[in-house]
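Colleague: Starting off with a structure, shown below.
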2 protein chains.
Amino acid sequence: MIDWNLFSTPAPLINMAARAFARLGDRQLKGMGFGVGHLPVLYLLRDGAAMPQKELARFAKVEQPSMAQTLARMERDGLVRRVPDPNDGRSSLVSLTAEALAKTPAVREILRQGSEQALAGFSQDEVATLCALLQRLNRNLDLMAVEE
Amino acid sequence: MIDWNLFSTPAPLINMAARAFARLGDRQLKGMGFGVGHLPVLYLLRDGAAMPQKELARFAKVEQPSMAQTLARMERDGLVRRVPDPNDGRSSLVSLTAEALAKTPAVREILRQGSEQALAGFSQDEVATLCALLQRLNRNLDLMAVEE
DNA sequence: GTTTATTATATAGGATCCTATATAAACCAA
DNA sequence: TTGGTTTATATAGGATCCTATATAATAAAC
């Protein structure tokens with residue numbers, strides 16, 4: 001029986017960590033013109049690929065309107081470009097601009113350093129354990145979202 | 001060397017889990033007139049206590065303006081009440097209304113069930129390990145936030 | 001081939017969070 | 001006591017996410 005305690009149950013701990021990661025990430029990426037919401041897009045289009053909004057939303061696990069807004073902000077800031085899909089008049093193919101693409105290695109390095117610092121004192125086994133437990137948790141949460 | 005992969009590093013897994021928890025929580029609490037942002041407030045004021053906004057923000061680990069907005073929405077919805085602090089003219093003491101207070105046991109039960117379902121298949125040891133690792137991670141993140 | 005259903009985006013409205021800054025009360029030092 | 005600092009809230013502006021719904025183009029059915 002879990003007690004009504006903010007620290008003995010994973011959800012509040014995960015919420016705190018997610019907000020801390022977002023604050024730090026925004027702070028570190030700000031100078032380069034990025035925000036944490038851009039990261040899944042940068043990751044998915046890192047090799048210069050183009051893909052429709054729908055795919056980006058699916059891989060990033062955000063709802064379609066969330067991705068639409070993120071892409072609108074990124075387009076406004078010159079980070080992505082949309083070209084009409086020649087095979088589907090409803091769809092556009094999104095890709096990073098040359099400027100954004102050029103910055104992805106630096107973003108990657110910043111994230112690597114941040115992750116390293118956040119995991120200071122963790123053994124490789126502990127990191128692997130944490131990731132494995134989080135993956136199992138995410139699978140359960142995905143199932144709960146589907147049910148009814 | 002972590003690779004540029006969304007699933008081998010804790011941050012994206014934590015972000016996904018946090019959003020999944022928030023979606024589920026909002027869905028389950030909606031019928032009772034609550035949202036996930038209310039939870040730290042409900043927890044901290046669960047015994048009928050009154051405390052200033054500053055304390056609520058500190059314990060919930062959100063910035064003061066975030067707590068101010070959450071309380072404004074909760075006051076608008078009749079969930080909290082503010083009375084001027086007799087000892088400090090700048091401050092108000094926030095407490096739950098009788099209606100909100102009456103619902104906290106049901107909220108607690110809904111959260112308990114949700115947590116149980118999210119942790120389906122986890123042994124008690126695994127839950128404890130996950131919480132311990134998350135607590136260590138949060139301590140590191142707190143340190144990183146302080147550093148300049 | 002027209003009608004209907006599905007699918008890709010867009011828009012509306014709102015919750016939750018953030019940073020930066022303004023305001024007002026309280027405290028403290030001269 | 002007055003003037004400067006600290007402290008509690010409030011406000012402004014914006015990012016990220018959500019649900020619900022509208023629009024437009026494709027696909028499927030008849």
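Labeling convention for the structure tokens: chains A, B, ... as they appear, residues from 1 per chain, ligands from 1 in order of appearance.
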Please identify all polymer residues within 12 Å of D:DG4, counting only C-alpha atoms (C1' of nucleotides), omitting same-chain residues fewer than 3 positions from it, and present them as a ChimeraX atom specification.

Modeller: /C:27-30

Colleague: Please produce a file of those selected residues containing N, CA and C atoms (P, O5', C5', C4', C3', O3' and C1' of nucleotides), as an mmCIF file, in the first residue's frame.

Modeller:
```cif
data_model
loop_
_atom_site.group_PDB
_atom_site.id
_atom_site.type_symbol
_atom_site.label_atom_id
_atom_site.label_comp_id
_atom_site.auth_asym_id
_atom_site.auth_seq_id
_atom_site.Cartn_x
_atom_site.Cartn_y
_atom_site.Cartn_z
ATOM 1 P P DC C 27 8.555 42.423 9.624
ATOM 2 O "O5'" DC C 27 10.139 42.485 9.438
ATOM 3 C "C5'" DC C 27 10.736 41.998 8.236
ATOM 4 C "C4'" DC C 27 12.089 42.660 8.037
ATOM 5 C "C3'" DC C 27 12.765 43.112 9.339
ATOM 6 O "O3'" DC C 27 14.122 42.713 9.265
ATOM 7 C "C1'" DC C 27 12.660 44.905 7.826
ATOM 8 P P DC C 28 15.113 42.866 10.521
ATOM 9 O "O5'" DC C 28 16.504 43.255 9.799
ATOM 10 C "C5'" DC C 28 16.467 43.835 8.499
ATOM 11 C "C4'" DC C 28 17.476 44.988 8.370
ATOM 12 C "C3'" DC C 28 18.179 45.390 9.675
ATOM 13 O "O3'" DC C 28 19.447 45.912 9.318
ATOM 14 C "C1'" DC C 28 16.938 47.196 8.903
ATOM 15 P P DA C 29 20.695 45.938 10.271
ATOM 16 O "O5'" DA C 29 21.710 46.918 9.511
ATOM 17 C "C5'" DA C 29 21.401 47.396 8.204
ATOM 18 C "C4'" DA C 29 21.557 48.912 8.102
ATOM 19 C "C3'" DA C 29 22.462 49.547 9.161
ATOM 20 O "O3'" DA C 29 23.209 50.585 8.541
ATOM 21 C "C1'" DA C 29 20.349 50.545 9.274
ATOM 22 P P DA C 30 24.524 51.151 9.145
ATOM 23 O "O5'" DA C 30 24.371 52.718 9.035
ATOM 24 C "C5'" DA C 30 23.770 53.301 7.863
ATOM 25 C "C4'" DA C 30 23.212 54.676 8.203
ATOM 26 C "C3'" DA C 30 24.022 55.445 9.246
ATOM 27 O "O3'" DA C 30 24.165 56.803 8.869
ATOM 28 C "C1'" DA C 30 21.772 55.264 9.960
#
```

Colleague: I'm after chain B in the frame of chain A: fit it by least squares over all Cα atoms matched in order, and give me the output as a PDB file with C-alpha atoms, in the first residue's frame.

Modeller:
```pdb
ATOM      1  CA  MET B   1      -0.077  -0.001   0.079  1.00  0.00           C
ATOM      2  CA  ILE B   2       1.648   3.110  -1.086  1.00  0.00           C
ATOM      3  CA  ASP B   3       1.213   5.952   1.279  1.00  0.00           C
ATOM      4  CA  TRP B   4       0.145   9.394   0.284  1.00  0.00           C
ATOM      5  CA  ASN B   5       3.711  10.564  -0.013  1.00  0.00           C
ATOM      6  CA  LEU B   6       5.353  12.582  -2.743  1.00  0.00           C
ATOM      7  CA  PHE B   7       8.584  10.608  -2.661  1.00  0.00           C
ATOM      8  CA  SER B   8       7.725   6.950  -2.288  1.00  0.00           C
ATOM      9  CA  THR B   9       5.958   6.613  -5.601  1.00  0.00           C
ATOM     10  CA  PRO B  10       7.550   7.119  -9.024  1.00  0.00           C
ATOM     11  CA  ALA B  11       5.115   9.577 -10.589  1.00  0.00           C
ATOM     12  CA  PRO B  12       6.038  12.696  -8.617  1.00  0.00           C
ATOM     13  CA  LEU B  13       9.747  11.854  -8.804  1.00  0.00           C
ATOM     14  CA  ILE B  14       9.440  11.483 -12.564  1.00  0.00           C
ATOM     15  CA  ASN B  15       7.526  14.720 -12.871  1.00  0.00           C
ATOM     16  CA  MET B  16      10.185  16.572 -10.888  1.00  0.00           C
ATOM     17  CA  ALA B  17      12.986  15.076 -12.936  1.00  0.00           C
ATOM     18  CA  ALA B  18      11.247  15.872 -16.214  1.00  0.00           C
ATOM     19  CA  ARG B  19      10.805  19.513 -15.250  1.00  0.00           C
ATOM     20  CA  ALA B  20      14.379  19.775 -14.013  1.00  0.00           C
ATOM     21  CA  PHE B  21      15.666  18.308 -17.270  1.00  0.00           C
ATOM     22  CA  ALA B  22      13.496  20.726 -19.242  1.00  0.00           C
ATOM     23  CA  ARG B  23      14.680  23.754 -17.263  1.00  0.00           C
ATOM     24  CA  LEU B  24      18.321  22.790 -17.663  1.00  0.00           C
ATOM     25  CA  GLY B  25      17.896  21.848 -21.294  1.00  0.00           C
ATOM     26  CA  ASP B  26      16.190  25.101 -22.150  1.00  0.00           C
ATOM     27  CA  ARG B  27      18.887  27.035 -20.348  1.00  0.00           C
ATOM     28  CA  GLN B  28      21.678  25.283 -22.199  1.00  0.00           C
ATOM     29  CA  LEU B  29      20.058  25.268 -25.619  1.00  0.00           C
ATOM     30  CA  LYS B  30      18.796  28.831 -25.491  1.00  0.00           C
ATOM     31  CA  GLY B  31      22.068  30.327 -26.690  1.00  0.00           C
ATOM     32  CA  MET B  32      21.883  28.172 -29.818  1.00  0.00           C
ATOM     33  CA  GLY B  33      18.296  29.118 -30.553  1.00  0.00           C
ATOM     34  CA  PHE B  34      16.757  25.812 -29.569  1.00  0.00           C
ATOM     35  CA  GLY B  35      14.347  24.623 -26.896  1.00  0.00           C
ATOM     36  CA  VAL B  36      13.636  21.201 -25.463  1.00  0.00           C
ATOM     37  CA  GLY B  37      10.532  20.789 -27.606  1.00  0.00           C
ATOM     38  CA  HIS B  38      12.772  20.870 -30.666  1.00  0.00           C
ATOM     39  CA  LEU B  39      14.833  17.881 -29.602  1.00  0.00           C
ATOM     40  CA  PRO B  40      12.728  15.044 -31.002  1.00  0.00           C
ATOM     41  CA  VAL B  41      12.525  16.916 -34.303  1.00  0.00           C
ATOM     42  CA  LEU B  42      16.270  17.529 -34.377  1.00  0.00           C
ATOM     43  CA  TYR B  43      16.838  13.881 -33.584  1.00  0.00           C
ATOM     44  CA  LEU B  44      14.462  12.514 -36.193  1.00  0.00           C
ATOM     45  CA  LEU B  45      15.671  14.814 -38.966  1.00  0.00           C
ATOM     46  CA  ARG B  46      19.350  14.811 -37.956  1.00  0.00           C
ATOM     47  CA  ASP B  47      20.588  13.241 -41.190  1.00  0.00           C
ATOM     48  CA  GLY B  48      18.809  15.722 -43.449  1.00  0.00           C
ATOM     49  CA  ALA B  49      15.762  13.507 -43.922  1.00  0.00           C
ATOM     50  CA  ALA B  50      12.308  14.906 -44.664  1.00  0.00           C
ATOM     51  CA  MET B  51       9.179  13.442 -43.141  1.00  0.00           C
ATOM     52  CA  PRO B  52       5.546  14.399 -42.682  1.00  0.00           C
ATOM     53  CA  GLN B  53       4.314  15.971 -39.468  1.00  0.00           C
ATOM     54  CA  LYS B  54       2.341  12.839 -38.675  1.00  0.00           C
ATOM     55  CA  GLU B  55       5.467  10.703 -38.498  1.00  0.00           C
ATOM     56  CA  LEU B  56       7.300  13.256 -36.376  1.00  0.00           C
ATOM     57  CA  ALA B  57       4.418  13.298 -33.905  1.00  0.00           C
ATOM     58  CA  ARG B  58       4.237   9.524 -33.818  1.00  0.00           C
ATOM     59  CA  PHE B  59       7.933   9.000 -33.125  1.00  0.00           C
ATOM     60  CA  ALA B  60       8.088  11.854 -30.627  1.00  0.00           C
ATOM     61  CA  LYS B  61       4.969  10.483 -28.913  1.00  0.00           C
ATOM     62  CA  VAL B  62       3.219  13.820 -28.820  1.00  0.00           C
ATOM     63  CA  GLU B  63      -0.231  14.543 -30.196  1.00  0.00           C
ATOM     64  CA  GLN B  64      -0.512  15.916 -33.694  1.00  0.00           C
ATOM     65  CA  PRO B  65      -1.514  19.451 -32.654  1.00  0.00           C
ATOM     66  CA  SER B  66       1.472  19.643 -30.302  1.00  0.00           C
ATOM     67  CA  MET B  67       3.824  18.762 -33.128  1.00  0.00           C
ATOM     68  CA  ALA B  68       2.023  21.188 -35.440  1.00  0.00           C
ATOM     69  CA  GLN B  69       2.650  24.030 -33.011  1.00  0.00           C
ATOM     70  CA  THR B  70       6.260  23.066 -32.391  1.00  0.00           C
ATOM     71  CA  LEU B  71       6.912  22.954 -36.136  1.00  0.00           C
ATOM     72  CA  ALA B  72       5.166  26.290 -36.615  1.00  0.00           C
ATOM     73  CA  ARG B  73       7.479  27.862 -34.044  1.00  0.00           C
ATOM     74  CA  MET B  74      10.515  26.183 -35.574  1.00  0.00           C
ATOM     75  CA  GLU B  75       9.522  27.350 -39.041  1.00  0.00           C
ATOM     76  CA  ARG B  76       9.009  30.874 -37.725  1.00  0.00           C
ATOM     77  CA  ASP B  77      12.537  30.709 -36.289  1.00  0.00           C
ATOM     78  CA  GLY B  78      14.068  29.384 -39.501  1.00  0.00           C
ATOM     79  CA  LEU B  79      14.835  25.916 -38.140  1.00  0.00           C
ATOM     80  CA  VAL B  80      12.656  23.785 -40.390  1.00  0.00           C
ATOM     81  CA  ARG B  81      11.277  24.029 -43.888  1.00  0.00           C
ATOM     82  CA  ARG B  82       8.129  22.417 -45.321  1.00  0.00           C
ATOM     83  CA  VAL B  83       7.729  21.379 -48.919  1.00  0.00           C
ATOM     84  CA  PRO B  84       4.423  20.034 -50.246  1.00  0.00           C
ATOM     85  CA  ASP B  85       4.419  16.258 -50.548  1.00  0.00           C
ATOM     86  CA  PRO B  86       4.265  15.562 -54.308  1.00  0.00           C
ATOM     87  CA  ASN B  87       2.392  12.327 -53.605  1.00  0.00           C
ATOM     88  CA  ASP B  88      -0.202  13.674 -51.178  1.00  0.00           C
ATOM     89  CA  GLY B  89      -1.775  17.098 -51.392  1.00  0.00           C
ATOM     90  CA  ARG B  90      -2.734  17.052 -47.723  1.00  0.00           C
ATOM     91  CA  SER B  91       0.782  16.600 -46.467  1.00  0.00           C
ATOM     92  CA  SER B  92       4.049  18.482 -46.296  1.00  0.00           C
ATOM     93  CA  LEU B  93       7.503  17.049 -45.882  1.00  0.00           C
ATOM     94  CA  VAL B  94       9.415  18.671 -43.047  1.00  0.00           C
ATOM     95  CA  SER B  95      13.187  18.945 -42.964  1.00  0.00           C
ATOM     96  CA  LEU B  96      15.782  20.920 -41.045  1.00  0.00           C
ATOM     97  CA  THR B  97      17.226  24.042 -42.608  1.00  0.00           C
ATOM     98  CA  ALA B  98      20.958  24.071 -43.282  1.00  0.00           C
ATOM     99  CA  GLU B  99      21.476  26.356 -40.286  1.00  0.00           C
ATOM    100  CA  ALA B 100      19.672  24.003 -37.914  1.00  0.00           C
ATOM    101  CA  LEU B 101      21.369  20.955 -39.373  1.00  0.00           C
ATOM    102  CA  ALA B 102      24.767  22.550 -38.860  1.00  0.00           C
ATOM    103  CA  LYS B 103      24.079  22.983 -35.158  1.00  0.00           C
ATOM    104  CA  THR B 104      22.962  19.434 -34.372  1.00  0.00           C
ATOM    105  CA  PRO B 105      26.462  18.188 -33.431  1.00  0.00           C
ATOM    106  CA  ALA B 106      26.830  20.968 -30.868  1.00  0.00           C
ATOM    107  CA  VAL B 107      23.361  20.199 -29.492  1.00  0.00           C
ATOM    108  CA  ARG B 108      24.287  16.567 -29.190  1.00  0.00           C
ATOM    109  CA  GLU B 109      27.434  17.423 -27.272  1.00  0.00           C
ATOM    110  CA  ILE B 110      25.573  19.710 -24.874  1.00  0.00           C
ATOM    111  CA  LEU B 111      23.026  17.005 -24.187  1.00  0.00           C
ATOM    112  CA  ARG B 112      25.734  14.417 -23.669  1.00  0.00           C
ATOM    113  CA  GLN B 113      27.418  16.609 -21.082  1.00  0.00           C
ATOM    114  CA  GLY B 114      24.142  17.371 -19.338  1.00  0.00           C
ATOM    115  CA  SER B 115      23.194  13.716 -19.192  1.00  0.00           C
ATOM    116  CA  GLU B 116      26.616  12.827 -17.832  1.00  0.00           C
ATOM    117  CA  GLN B 117      26.336  15.416 -15.104  1.00  0.00           C
ATOM    118  CA  ALA B 118      22.809  14.362 -14.196  1.00  0.00           C
ATOM    119  CA  LEU B 119      24.049  10.803 -13.831  1.00  0.00           C
ATOM    120  CA  ALA B 120      27.129  11.677 -11.791  1.00  0.00           C
ATOM    121  CA  GLY B 121      27.809   8.878  -9.340  1.00  0.00           C
ATOM    122  CA  PHE B 122      25.773   6.321 -11.277  1.00  0.00           C
ATOM    123  CA  SER B 123      27.504   3.153 -12.389  1.00  0.00           C
ATOM    124  CA  GLN B 124      26.865   1.934 -15.925  1.00  0.00           C
ATOM    125  CA  ASP B 125      24.768  -0.833 -14.442  1.00  0.00           C
ATOM    126  CA  GLU B 126      22.663   1.630 -12.519  1.00  0.00           C
ATOM    127  CA  VAL B 127      22.040   3.708 -15.636  1.00  0.00           C
ATOM    128  CA  ALA B 128      21.073   0.583 -17.536  1.00  0.00           C
ATOM    129  CA  THR B 129      18.768  -0.498 -14.723  1.00  0.00           C
ATOM    130  CA  LEU B 130      17.122   2.899 -14.592  1.00  0.00           C
ATOM    131  CA  CYS B 131      16.530   2.923 -18.343  1.00  0.00           C
ATOM    132  CA  ALA B 132      15.172  -0.617 -18.322  1.00  0.00           C
ATOM    133  CA  LEU B 133      12.751   0.133 -15.495  1.00  0.00           C
ATOM    134  CA  LEU B 134      11.618   3.333 -17.229  1.00  0.00           C
ATOM    135  CA  GLN B 135      11.058   1.460 -20.464  1.00  0.00           C
ATOM    136  CA  ARG B 136       8.881  -1.089 -18.683  1.00  0.00           C
ATOM    137  CA  LEU B 137       6.991   1.710 -16.969  1.00  0.00           C
ATOM    138  CA  ASN B 138       6.433   3.443 -20.295  1.00  0.00           C
ATOM    139  CA  ARG B 139       5.092   0.248 -21.810  1.00  0.00           C
ATOM    140  CA  ASN B 140       2.578  -0.045 -18.972  1.00  0.00           C
ATOM    141  CA  LEU B 141       1.586   3.594 -19.383  1.00  0.00           C
ATOM    142  CA  ASP B 142       1.098   3.104 -23.118  1.00  0.00           C
ATOM    143  CA  LEU B 143      -1.217   0.190 -22.411  1.00  0.00           C
ATOM    144  CA  MET B 144      -3.189   2.253 -19.919  1.00  0.00           C
ATOM    145  CA  ALA B 145      -3.640   4.989 -22.503  1.00  0.00           C
ATOM    146  CA  VAL B 146      -5.099   2.561 -25.002  1.00  0.00           C
ATOM    147  CA  GLU B 147      -7.534   0.921 -22.612  1.00  0.00           C
ATOM    148  CA  GLU B 148     -10.766   2.811 -23.245  1.00  0.00           C
TER     149      GLU B 148
END
```

Colleague: Please return as a PyMOL selection string: the residues of chain B that backbone DSSP assigns to alpha helix (DSSP H).

Modeller: chain B and resi 10-30+39-44+53-60+64-76+98-118+124-146

Colleague: Take the residues from that selection and write them out as a PDB file, in the first residue's frame, keeping C-alpha atoms.

Modeller:
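What follows is the written file result.pdb:
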```pdb
ATOM      1  CA  PRO B  10      17.043   8.596 -19.055  1.00  0.00           C
ATOM      2  CA  ALA B  11      15.913  12.098 -19.994  1.00  0.00           C
ATOM      3  CA  PRO B  12      13.638  11.245 -22.921  1.00  0.00           C
ATOM      4  CA  LEU B  13      12.252   8.199 -21.103  1.00  0.00           C
ATOM      5  CA  ILE B  14      11.471  10.385 -18.106  1.00  0.00           C
ATOM      6  CA  ASN B  15       9.869  13.028 -20.270  1.00  0.00           C
ATOM      7  CA  MET B  16       7.658  10.430 -21.942  1.00  0.00           C
ATOM      8  CA  ALA B  17       6.656   8.914 -18.630  1.00  0.00           C
ATOM      9  CA  ALA B  18       5.887  12.306 -17.112  1.00  0.00           C
ATOM     10  CA  ARG B  19       3.603  13.228 -19.995  1.00  0.00           C
ATOM     11  CA  ALA B  20       1.897   9.843 -19.922  1.00  0.00           C
ATOM     12  CA  PHE B  21       1.284  10.178 -16.189  1.00  0.00           C
ATOM     13  CA  ALA B  22      -0.091  13.683 -16.708  1.00  0.00           C
ATOM     14  CA  ARG B  23      -2.432  12.595 -19.503  1.00  0.00           C
ATOM     15  CA  LEU B  24      -3.755   9.682 -17.477  1.00  0.00           C
ATOM     16  CA  GLY B  25      -3.987  11.717 -14.305  1.00  0.00           C
ATOM     17  CA  ASP B  26      -5.892  14.502 -15.987  1.00  0.00           C
ATOM     18  CA  ARG B  27      -8.247  11.999 -17.553  1.00  0.00           C
ATOM     19  CA  GLN B  28      -8.979  10.305 -14.255  1.00  0.00           C
ATOM     20  CA  LEU B  29      -9.226  13.436 -12.144  1.00  0.00           C
ATOM     21  CA  LYS B  30     -11.287  15.431 -14.609  1.00  0.00           C
ATOM     22  CA  LEU B  39      -1.989  17.450  -6.737  1.00  0.00           C
ATOM     23  CA  PRO B  40       0.887  18.998  -4.793  1.00  0.00           C
ATOM     24  CA  VAL B  41      -1.548  21.531  -3.345  1.00  0.00           C
ATOM     25  CA  LEU B  42      -4.049  18.838  -2.399  1.00  0.00           C
ATOM     26  CA  TYR B  43      -1.249  16.854  -0.823  1.00  0.00           C
ATOM     27  CA  LEU B  44       0.228  19.721   1.157  1.00  0.00           C
ATOM     28  CA  GLN B  53       1.875  30.477  -1.538  1.00  0.00           C
ATOM     29  CA  LYS B  54       5.629  30.631  -1.075  1.00  0.00           C
ATOM     30  CA  GLU B  55       5.683  27.448   0.982  1.00  0.00           C
ATOM     31  CA  LEU B  56       3.412  25.631  -1.451  1.00  0.00           C
ATOM     32  CA  ALA B  57       5.729  26.538  -4.319  1.00  0.00           C
ATOM     33  CA  ARG B  58       8.795  25.487  -2.375  1.00  0.00           C
ATOM     34  CA  PHE B  59       7.458  22.066  -1.413  1.00  0.00           C
ATOM     35  CA  ALA B  60       5.972  21.443  -4.849  1.00  0.00           C
ATOM     36  CA  GLN B  64       6.389  31.062  -7.529  1.00  0.00           C
ATOM     37  CA  PRO B  65       4.511  32.346 -10.597  1.00  0.00           C
ATOM     38  CA  SER B  66       3.540  28.788 -11.535  1.00  0.00           C
ATOM     39  CA  MET B  67       2.044  28.234  -8.107  1.00  0.00           C
ATOM     40  CA  ALA B  68       0.355  31.640  -8.248  1.00  0.00           C
ATOM     41  CA  GLN B  69      -1.397  30.683 -11.470  1.00  0.00           C
ATOM     42  CA  THR B  70      -2.369  27.236 -10.238  1.00  0.00           C
ATOM     43  CA  LEU B  71      -3.860  28.744  -7.081  1.00  0.00           C
ATOM     44  CA  ALA B  72      -5.684  31.381  -9.113  1.00  0.00           C
ATOM     45  CA  ARG B  73      -7.300  28.646 -11.197  1.00  0.00           C
ATOM     46  CA  MET B  74      -8.114  26.606  -8.106  1.00  0.00           C
ATOM     47  CA  GLU B  75      -9.633  29.633  -6.402  1.00  0.00           C
ATOM     48  CA  ARG B  76     -11.673  30.382  -9.516  1.00  0.00           C
ATOM     49  CA  ALA B  98     -14.574  22.043   2.400  1.00  0.00           C
ATOM     50  CA  GLU B  99     -15.647  20.692  -0.990  1.00  0.00           C
ATOM     51  CA  ALA B 100     -12.072  20.086  -2.115  1.00  0.00           C
ATOM     52  CA  LEU B 101     -11.082  18.637   1.235  1.00  0.00           C
ATOM     53  CA  ALA B 102     -13.970  16.190   1.077  1.00  0.00           C
ATOM     54  CA  LYS B 103     -12.724  14.831  -2.235  1.00  0.00           C
ATOM     55  CA  THR B 104      -9.104  14.194  -1.259  1.00  0.00           C
ATOM     56  CA  PRO B 105      -9.693  10.572  -0.155  1.00  0.00           C
ATOM     57  CA  ALA B 106     -11.213   9.725  -3.531  1.00  0.00           C
ATOM     58  CA  VAL B 107      -8.311  11.443  -5.303  1.00  0.00           C
ATOM     59  CA  ARG B 108      -5.876   9.454  -3.242  1.00  0.00           C
ATOM     60  CA  GLU B 109      -7.592   6.209  -4.158  1.00  0.00           C
ATOM     61  CA  ILE B 110      -7.594   7.041  -7.866  1.00  0.00           C
ATOM     62  CA  LEU B 111      -3.901   7.831  -7.745  1.00  0.00           C
ATOM     63  CA  ARG B 112      -3.159   4.650  -5.838  1.00  0.00           C
ATOM     64  CA  GLN B 113      -4.917   2.585  -8.480  1.00  0.00           C
ATOM     65  CA  GLY B 114      -3.189   4.416 -11.312  1.00  0.00           C
ATOM     66  CA  SER B 115       0.213   3.967  -9.731  1.00  0.00           C
ATOM     67  CA  GLU B 116      -0.475   0.283  -9.170  1.00  0.00           C
ATOM     68  CA  GLN B 117      -1.447  -0.207 -12.781  1.00  0.00           C
ATOM     69  CA  ALA B 118       1.556   1.727 -14.055  1.00  0.00           C
ATOM     70  CA  GLN B 124       8.507  -4.260  -4.583  1.00  0.00           C
ATOM     71  CA  ASP B 125      12.269  -4.276  -4.893  1.00  0.00           C
ATOM     72  CA  GLU B 126      12.106  -2.940  -8.412  1.00  0.00           C
ATOM     73  CA  VAL B 127       9.795  -0.117  -7.356  1.00  0.00           C
ATOM     74  CA  ALA B 128      12.122   0.729  -4.496  1.00  0.00           C
ATOM     75  CA  THR B 129      15.119   0.658  -6.822  1.00  0.00           C
ATOM     76  CA  LEU B 130      13.393   2.901  -9.325  1.00  0.00           C
ATOM     77  CA  CYS B 131      12.459   5.424  -6.644  1.00  0.00           C
ATOM     78  CA  ALA B 132      15.949   5.397  -5.163  1.00  0.00           C
ATOM     79  CA  LEU B 133      17.585   5.965  -8.543  1.00  0.00           C
ATOM     80  CA  LEU B 134      15.127   8.769  -9.333  1.00  0.00           C
ATOM     81  CA  GLN B 135      15.824  10.409  -6.000  1.00  0.00           C
ATOM     82  CA  ARG B 136      19.557  10.357  -6.684  1.00  0.00           C
ATOM     83  CA  LEU B 137      18.947  11.742 -10.157  1.00  0.00           C
ATOM     84  CA  ASN B 138      16.803  14.524  -8.730  1.00  0.00           C
ATOM     85  CA  ARG B 139      19.510  15.430  -6.251  1.00  0.00           C
ATOM     86  CA  ASN B 140      22.012  15.747  -9.097  1.00  0.00           C
ATOM     87  CA  LEU B 141      19.572  17.851 -11.100  1.00  0.00           C
ATOM     88  CA  ASP B 142      18.987  20.127  -8.117  1.00  0.00           C
ATOM     89  CA  LEU B 143      22.725  20.661  -7.820  1.00  0.00           C
ATOM     90  CA  MET B 144      22.989  21.460 -11.514  1.00  0.00           C
ATOM     91  CA  ALA B 145      20.250  24.057 -11.174  1.00  0.00           C
ATOM     92  CA  VAL B 146      22.100  25.826  -8.396  1.00  0.00           C
TER      93      VAL B 146
END
```

Colleague: Identify every residue of chain D that has at least one atom within 9 Å of any atom of chain B, counting only C-alpha atoms (C1' of nucleotides), and report the result as a short mmCIF file (atom, residue, chain, number, x, y, z; two decimals) with C-alpha atoms (C1' of nucleotides), in the first residue's frame.

Modeller:
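Listing of out_9.cif after writing:
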```cif
data_model
loop_
_atom_site.label_atom_id
_atom_site.label_comp_id
_atom_site.auth_asym_id
_atom_site.auth_seq_id
_atom_site.Cartn_x
_atom_site.Cartn_y
_atom_site.Cartn_z
"C1'" DT D 7 10.50 39.38 0.56
"C1'" DA D 8 5.57 37.86 -0.92
"C1'" DT D 9 2.62 38.20 -4.72
"C1'" DA D 10 1.23 39.63 -9.12
"C1'" DC D 17 1.61 20.05 -23.97
"C1'" DC D 18 -3.36 18.48 -24.06
#
```

Colleague: Nearest to D:DA27: which of C:DA26, C:DG1, C:DT7, C:DC17 is it, counting only C-alpha atoms (C1' of nucleotides)?

Modeller: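 Of C:DA26, C:DG1, C:DT7, C:DC17, the one nearest D:DA27 is C:DT7, counting only C-alpha atoms (C1' of nucleotides).
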
Colleague: I need the contact residues of chain C against chain A, so if you could list those with any atom within 10 Å, counting only C-alpha atoms (C1' of nucleotides), and return them as a compact mmCIF listing (two decimals) with C-alpha atoms (C1' of nucleotides), in the first residue's frame, that would help.

Modeller:
```txt
# COMPACT_ATOMS: atom_id res chain seq x y z
C1' DT C 7 -6.58 10.85 -43.12
C1' DA C 8 -3.24 15.04 -42.72
C1' DT C 9 -3.13 19.52 -40.96
C1' DA C 10 -4.93 23.47 -38.78
C1' DT C 11 -7.32 26.04 -35.24
C1' DC C 17 5.24 25.33 -16.56
C1' DC C 18 9.11 28.81 -17.24
```

Colleague: Report as a VMD selection string: the residues of chain A with a DSSP assignment of strand (DSSP E), based on the backbone of this structure.

Modeller: chain A and resid 51 to 52 80 to 84 92 to 96

Colleague: State, in Å with one decimal place, the distance from atom C1' of D:DT1 to atom C1' of C:DT23.

Modeller: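 Interatomic distance here is 23.0 Å.
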
Colleague: To one decimal place in Å, what is the distance between atom C1' of D:DT19 and atom C1' of C:DT16?

Modeller: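 A separation of 14.6 Å between them.
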